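Structure file run_38.tsv; described as TSV, C-alpha atoms.
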chain	number	residue	atom	x	y	z
A	810	SER	CA	21.65	-138.22	72.79
A	811	ALA	CA	21.44	-138.15	76.59
A	812	SER	CA	23.87	-135.25	76.94
A	813	VAL	CA	21.88	-133.16	74.45
A	814	MET	CA	18.61	-134.03	76.18
A	815	SER	CA	20.06	-133.00	79.55
A	816	ASN	CA	20.99	-129.63	78.06
A	817	ILE	CA	17.56	-128.97	76.58
A	818	PRO	CA	16.34	-126.57	79.28
A	819	HIS	CA	19.37	-124.36	78.56
A	820	TYR	CA	18.50	-124.33	74.86
A	821	PHE	CA	14.92	-123.35	75.46
A	822	LEU	CA	15.37	-119.70	76.21
A	823	TYR	CA	19.00	-119.31	75.36
A	824	GLY	CA	20.68	-119.54	78.73
A	825	GLU	CA	17.77	-118.90	81.07
A	826	GLU	CA	17.53	-121.54	83.77
A	827	GLN	CA	14.16	-123.26	84.09
A	828	PRO	CA	12.55	-124.17	87.43
A	829	GLU	CA	13.45	-127.74	88.42
A	830	ASP	CA	9.90	-129.07	88.03
A	831	SER	CA	9.21	-127.55	84.60
A	832	PRO	CA	8.24	-130.09	81.94
A	833	ASP	CA	11.41	-131.19	80.14
A	834	TYR	CA	9.55	-131.99	76.88
A	835	MET	CA	8.27	-128.48	76.17
A	836	HIS	CA	8.80	-124.82	76.91
A	837	ILE	CA	6.44	-121.98	76.05
A	838	ALA	CA	6.75	-118.24	76.64
A	839	ARG	CA	5.16	-115.05	75.38
A	840	LEU	CA	7.37	-113.36	72.79
A	841	GLU	CA	6.83	-109.97	74.42
A	842	GLN	CA	8.19	-111.29	77.73
A	843	SER	CA	11.10	-113.43	76.59
A	844	LEU	CA	12.49	-111.31	73.75
A	845	PRO	CA	13.40	-108.04	75.50
A	846	LYS	CA	15.92	-110.04	77.59
A	847	HIS	CA	17.72	-110.91	74.34
A	848	ASN	CA	17.55	-107.38	72.96
A	849	TRP	CA	14.88	-108.66	70.52
A	850	GLU	CA	17.46	-110.77	68.68
A	851	ILE	CA	18.12	-114.52	68.71
A	852	HIS	CA	21.27	-115.44	66.78
A	853	PRO	CA	21.26	-118.28	64.24
A	854	HIS	CA	21.42	-121.63	66.03
A	855	ARG	CA	19.95	-125.12	65.83
A	856	HIS	CA	18.40	-127.66	68.17
A	857	ASP	CA	19.10	-131.36	67.78
A	858	ASP	CA	15.86	-132.62	69.34
A	859	LEU	CA	13.54	-129.61	69.40
A	860	HIS	CA	10.78	-128.48	67.07
A	861	GLN	CA	10.14	-124.75	67.45
A	862	LEU	CA	6.91	-122.92	66.74
A	863	MET	CA	6.75	-119.15	66.69
A	864	ILE	CA	3.14	-117.97	66.76
A	865	LEU	CA	3.32	-114.35	65.63
A	866	GLU	CA	0.06	-112.58	66.49
A	867	SER	CA	1.04	-109.00	65.72
A	868	GLY	CA	4.11	-106.93	64.90
A	869	SER	CA	6.90	-107.99	62.59
A	870	MET	CA	10.20	-109.83	62.63
A	871	THR	CA	12.99	-110.89	60.34
A	872	ALA	CA	13.65	-114.61	60.39
A	873	GLN	CA	16.66	-116.41	59.01
A	874	ILE	CA	15.85	-120.02	58.13
A	875	ARG	CA	18.61	-122.09	56.57
A	876	GLU	CA	20.39	-119.66	54.24
A	877	SER	CA	17.65	-117.15	53.52
A	878	SER	CA	16.10	-114.39	55.59
A	879	ALA	CA	12.83	-112.49	55.15
A	880	GLU	CA	10.47	-110.25	57.07
A	881	TYR	CA	7.20	-111.67	58.40
A	882	ARG	CA	4.19	-110.03	60.00
A	883	GLY	CA	1.45	-111.29	62.31
A	884	GLY	CA	-0.56	-113.40	61.99
A	885	CYS	CA	1.62	-116.20	60.90
A	886	VAL	CA	3.31	-119.25	62.36
A	887	LEU	CA	6.92	-120.24	61.82
A	888	SER	CA	7.38	-123.98	62.18
A	889	ILE	CA	11.01	-125.11	62.45
A	890	PRO	CA	11.79	-128.82	62.81
A	891	ALA	CA	14.78	-130.10	64.77
A	892	LYS	CA	18.27	-129.63	63.27
A	893	GLU	CA	17.25	-126.64	61.10
A	894	VAL	CA	19.37	-123.50	61.51
A	895	HIS	CA	17.30	-120.44	62.39
A	896	GLY	CA	17.59	-116.98	63.96
A	897	PHE	CA	15.26	-114.04	64.55
A	898	ILE	CA	15.34	-110.27	64.82
A	899	HIS	CA	12.05	-108.91	66.17
A	900	GLN	CA	10.71	-105.41	66.13
A	901	PRO	CA	9.71	-104.19	69.61
A	902	GLY	CA	5.94	-104.44	69.92
A	903	VAL	CA	5.76	-107.98	68.59
A	904	THR	CA	3.24	-110.27	70.35
A	905	GLY	CA	2.69	-114.02	70.29
A	906	PHE	CA	4.22	-117.22	71.64
A	907	ILE	CA	7.42	-119.19	71.20
A	908	LEU	CA	7.18	-122.94	71.78
A	909	SER	CA	10.09	-125.36	71.92
A	910	ILE	CA	8.93	-128.96	71.92
A	911	SER	CA	10.86	-132.21	72.11
A	912	GLN	CA	10.55	-133.86	68.69
A	913	PRO	CA	10.08	-137.37	70.19
A	914	PHE	CA	7.25	-135.97	72.35
A	915	ILE	CA	5.47	-134.52	69.29
A	916	LEU	CA	5.85	-137.74	67.32
A	917	SER	CA	4.49	-139.75	70.26
A	918	LEU	CA	1.19	-137.82	69.98
A	919	PHE	CA	0.37	-139.23	66.53
A	920	ASN	CA	-0.11	-142.71	65.10
A	921	GLU	CA	1.69	-143.81	61.93
A	922	THR	CA	-1.10	-142.73	59.55
A	923	GLU	CA	-1.33	-139.31	61.17
A	924	ARG	CA	2.45	-138.87	61.03
A	925	GLN	CA	2.38	-139.59	57.30
A	926	ALA	CA	-0.31	-136.95	56.83
A	927	LEU	CA	1.75	-134.39	58.78
A	928	SER	CA	5.14	-135.43	57.38
A	929	SER	CA	5.90	-132.16	55.55
A	930	LEU	CA	5.47	-130.21	58.83
A	931	PHE	CA	7.92	-132.52	60.63
A	932	ARG	CA	10.42	-132.39	57.75
A	933	GLU	CA	10.45	-128.86	56.32
A	934	PRO	CA	10.76	-125.41	57.91
A	935	MET	CA	7.67	-123.41	57.01
A	936	VAL	CA	6.14	-119.98	57.39
A	937	LEU	CA	2.36	-120.30	57.38
A	938	PRO	CA	0.27	-117.15	57.03
A	939	ILE	CA	-2.85	-117.60	59.13
A	940	THR	CA	-5.42	-115.71	57.09
A	941	ASP	CA	-8.63	-117.23	58.42
A	942	GLY	CA	-9.79	-115.13	61.39
A	943	ARG	CA	-11.14	-118.21	63.22
A	944	ASN	CA	-7.75	-119.92	63.05
A	945	VAL	CA	-6.00	-116.81	64.40
A	946	VAL	CA	-8.35	-116.79	67.40
A	947	GLU	CA	-8.00	-120.56	67.84
A	948	LEU	CA	-4.18	-120.47	67.83
A	949	LYS	CA	-4.12	-117.57	70.29
A	950	LEU	CA	-6.43	-119.52	72.63
A	951	LEU	CA	-4.33	-122.66	72.28
A	952	GLY	CA	-1.19	-120.63	73.06
A	953	GLU	CA	-2.83	-119.28	76.21
A	954	ARG	CA	-4.04	-122.73	77.29
A	955	LEU	CA	-0.63	-124.27	76.70
A	956	LEU	CA	1.01	-121.49	78.72
A	957	ALA	CA	-1.46	-121.98	81.60
A	958	GLU	CA	-0.90	-125.77	81.59
A	959	TYR	CA	2.86	-125.30	81.41
A	960	GLN	CA	2.90	-122.91	84.36
A	961	GLY	CA	0.41	-124.96	86.40
A	962	ARG	CA	1.32	-128.25	88.02
A	963	ALA	CA	-2.00	-130.02	87.62
A	964	VAL	CA	-2.47	-133.78	87.38
A	965	GLY	CA	-2.26	-135.05	83.79
A	966	GLN	CA	-0.20	-132.06	82.64
A	967	ALA	CA	1.63	-133.97	79.87
A	968	SER	CA	-1.68	-135.36	78.54
A	969	MET	CA	-3.27	-131.91	78.40
A	970	ILE	CA	-0.23	-130.31	76.80
A	971	GLY	CA	-0.09	-133.18	74.30
A	972	ALA	CA	-3.79	-132.77	73.45
A	973	TYR	CA	-3.43	-129.03	72.82
A	974	LEU	CA	-0.26	-129.53	70.77
A	975	LYS	CA	-2.01	-132.13	68.66
A	976	ILE	CA	-4.73	-129.59	67.79
A	977	VAL	CA	-2.07	-126.97	66.96
A	978	PHE	CA	-0.28	-129.30	64.52
A	979	VAL	CA	-3.52	-130.42	62.87
A	980	LEU	CA	-4.57	-126.76	62.38
A	981	LEU	CA	-1.15	-125.96	60.89
A	982	ASN	CA	-1.39	-128.95	58.58
A	983	ARG	CA	-4.78	-127.75	57.33
A	984	GLN	CA	-3.07	-124.48	56.49
A	985	VAL	CA	-0.32	-126.37	54.60
A	986	LYS	CA	-2.90	-128.36	52.60
A	987	HIS	CA	-4.93	-125.23	51.85
A	988	ARG	CA	-1.79	-123.50	50.57
A	989	GLU	CA	-0.78	-126.50	48.44
A	990	SER	CA	-4.20	-126.77	46.80
A	991	SER	CA	-4.31	-123.04	45.99
A	992	GLN	CA	-0.77	-123.24	44.51
A	993	VAL	CA	-1.85	-126.16	42.31
A	994	SER	CA	-4.95	-124.32	41.08
A	995	ASP	CA	-2.85	-121.19	40.38
A	996	ALA	CA	-0.43	-123.27	38.30
A	997	LYS	CA	-3.34	-124.78	36.33
A	998	THR	CA	-4.81	-121.33	35.67
A	999	ILE	CA	-1.45	-120.08	34.36
A	1000	LEU	CA	-1.20	-123.13	32.07
A	1001	PHE	CA	-4.67	-122.49	30.65
A	1002	GLU	CA	-3.78	-118.83	30.05
A	1003	LYS	CA	-0.64	-119.91	28.14
A	1004	PHE	CA	-2.79	-122.22	26.02
A	1005	THR	CA	-5.32	-119.49	25.13
A	1006	ALA	CA	-2.44	-117.14	24.22
A	1007	LEU	CA	-1.02	-119.81	21.89
A	1008	VAL	CA	-4.44	-120.33	20.28
A	1009	GLU	CA	-4.70	-116.61	19.52
A	1010	GLN	CA	-1.17	-116.65	18.11
A	1011	HIS	CA	-1.61	-119.71	15.87
A	1012	TYR	CA	-5.33	-119.59	15.12
A	1013	ASN	CA	-4.88	-119.02	11.39
A	1014	GLN	CA	-2.34	-121.85	11.11
A	1015	HIS	CA	-4.98	-124.38	12.25
A	1016	TRP	CA	-2.68	-126.11	14.74
A	1017	SER	CA	-3.74	-129.55	15.92
A	1018	VAL	CA	-4.28	-130.36	19.61
A	1019	SER	CA	-1.03	-132.37	19.59
A	1020	GLU	CA	0.92	-129.32	18.34
A	1021	TYR	CA	-0.48	-127.14	21.12
A	1022	ALA	CA	0.21	-129.87	23.68
A	1023	ALA	CA	3.81	-130.25	22.45
A	1024	ALA	CA	4.36	-126.47	22.63
A	1025	LEU	CA	3.22	-126.54	26.26
A	1026	GLY	CA	5.20	-129.68	27.14
A	1027	LEU	CA	2.01	-131.66	27.84
A	1028	SER	CA	0.34	-134.78	26.48
A	1029	GLN	CA	-2.94	-134.31	24.62
A	1030	GLY	CA	-4.79	-135.89	27.55
A	1031	GLN	CA	-3.21	-133.44	30.03
A	1032	LEU	CA	-4.10	-130.50	27.80
A	1033	ASN	CA	-7.70	-131.67	27.46
A	1034	ARG	CA	-7.99	-132.12	31.24
A	1035	THR	CA	-6.58	-128.61	31.79
A	1036	CYS	CA	-9.17	-127.15	29.41
A	1037	GLN	CA	-12.00	-129.14	30.98
A	1038	ARG	CA	-11.08	-127.89	34.45
A	1039	SER	CA	-10.59	-124.28	33.42
A	1040	ALA	CA	-13.23	-123.79	30.71
A	1041	ASP	CA	-15.31	-126.95	30.90
A	1042	GLN	CA	-14.51	-127.95	27.31
A	1043	GLN	CA	-12.00	-130.02	25.34
A	1044	ALA	CA	-9.00	-128.36	23.67
A	1045	LEU	CA	-10.40	-129.02	20.15
A	1046	GLU	CA	-13.51	-126.99	20.90

Take the structure in the file and write it out as structure tokens.
Amino acid sequence: SASVMSNIPHYFLYGEEQPEDSPDYMHIARLEQSLPKHNWEIHPHRHDDLHQLMILESGSMTAQIRESSAEYRGGCVLSIPAKEVHGFIHQPGVTGFILSISQPFILSLFNETERQALSSLFREPMVLPITDGRNVVELKLLGERLLAEYQGRAVGQASMIGAYLKIVFVLLNRQVKHRESSQVSDAKTILFEKFTALVEQHYNQHWSVSEYAAALGLSQGQLNRTCQRSADQQALE
């Protein structure tokens, strides 16, 4: 709503006034500069139109997202879509960036197909560990470039900020997909281990493939595919 949008600069850094000519679609600050003013703590709150990214390079913090809270260490990125309740307690010595971006501005950067591909990032709060060294360096550089663009007043500022943000979200989405594929392969490995344990248990009873499948809650086809992926052979073998 218009009244919420007009209040956005006040939301950005919790009561700090922004210069008149600051972009109204994004705010970025270094954690180590903005947090000491809040005694390292940001109480649980929500933003109606803002997506927040916390790029944690080093140090640790406790984050409350929705109902649960946990401790996180650098390097990781917290991605919190609009309307999600969140709060943070940081340990002094934390470094990184906090970005608050207008959700409509983010969505305007992507076409419909791209939005579909990134939909989980726009929908769900996430904590993404950034384990690949190259991605850590890349995100740090992007944070610095965004900060420089934000503080500068150069021609085409919104286009540059949009281009950098687009790269940030694509990198984060790669991290999401990488995590999803490793979770799926972990689940398949566990299933195969359960199957081999059952075989050892019931070997002398000469169970059929359908009996093993039923015990695992799978169809015979699913069990055979699991065995092919994990051991390159059919369940009967």

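Between atom CA of Val964 of chain A and atom CA of Pro913 of chain A lies a distance of 21.6 Å.
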
**Q.** Residues near Ile864 of chain A, cut-off 7 Å, only C-alpha atoms, skip fewer than 4 positions along chain, as a list of chain:residue names
**A.** A:Cys885, A:Val886, A:Leu887, A:Gly905, A:Phe906, A:Ile907

Atoms to include: C-alpha atoms. Write the selected residues as a PDB file, in the frame of the given file.
ATOM      1  CA  CYS A 885       1.620-116.200  60.900  1.00  0.00           C
ATOM      2  CA  VAL A 886       3.310-119.250  62.360  1.00  0.00           C
ATOM      3  CA  LEU A 887       6.920-120.240  61.820  1.00  0.00           C
ATOM      4  CA  GLY A 905       2.690-114.020  70.290  1.00  0.00           C
ATOM      5  CA  PHE A 906       4.220-117.220  71.640  1.00  0.00           C
ATOM      6  CA  ILE A 907       7.420-119.190  71.200  1.00  0.00           C
TER       7      ILE A 907
END

Between atom CA of Ser869 of chain A and atom CA of Leu948 of chain A lies a distance of 17.5 Å

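Nearest-residue note for Val903 of chain A: choosing from A:Ala957, A:Leu840, A:Val1018, A:Val945, the minimum distance belongs to A:Leu840, counting all atoms listed in the file.
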
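Nearest-residue note for Ala838 of chain A: choosing from A:Val1008, A:Leu951, A:Leu908, A:Ile889, the minimum distance belongs to A:Leu908, counting all atoms listed in the file.
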
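In this structure, atom CA of Glu876 of chain A sits 8.3 Å away from atom CA of Val894 of chain A.
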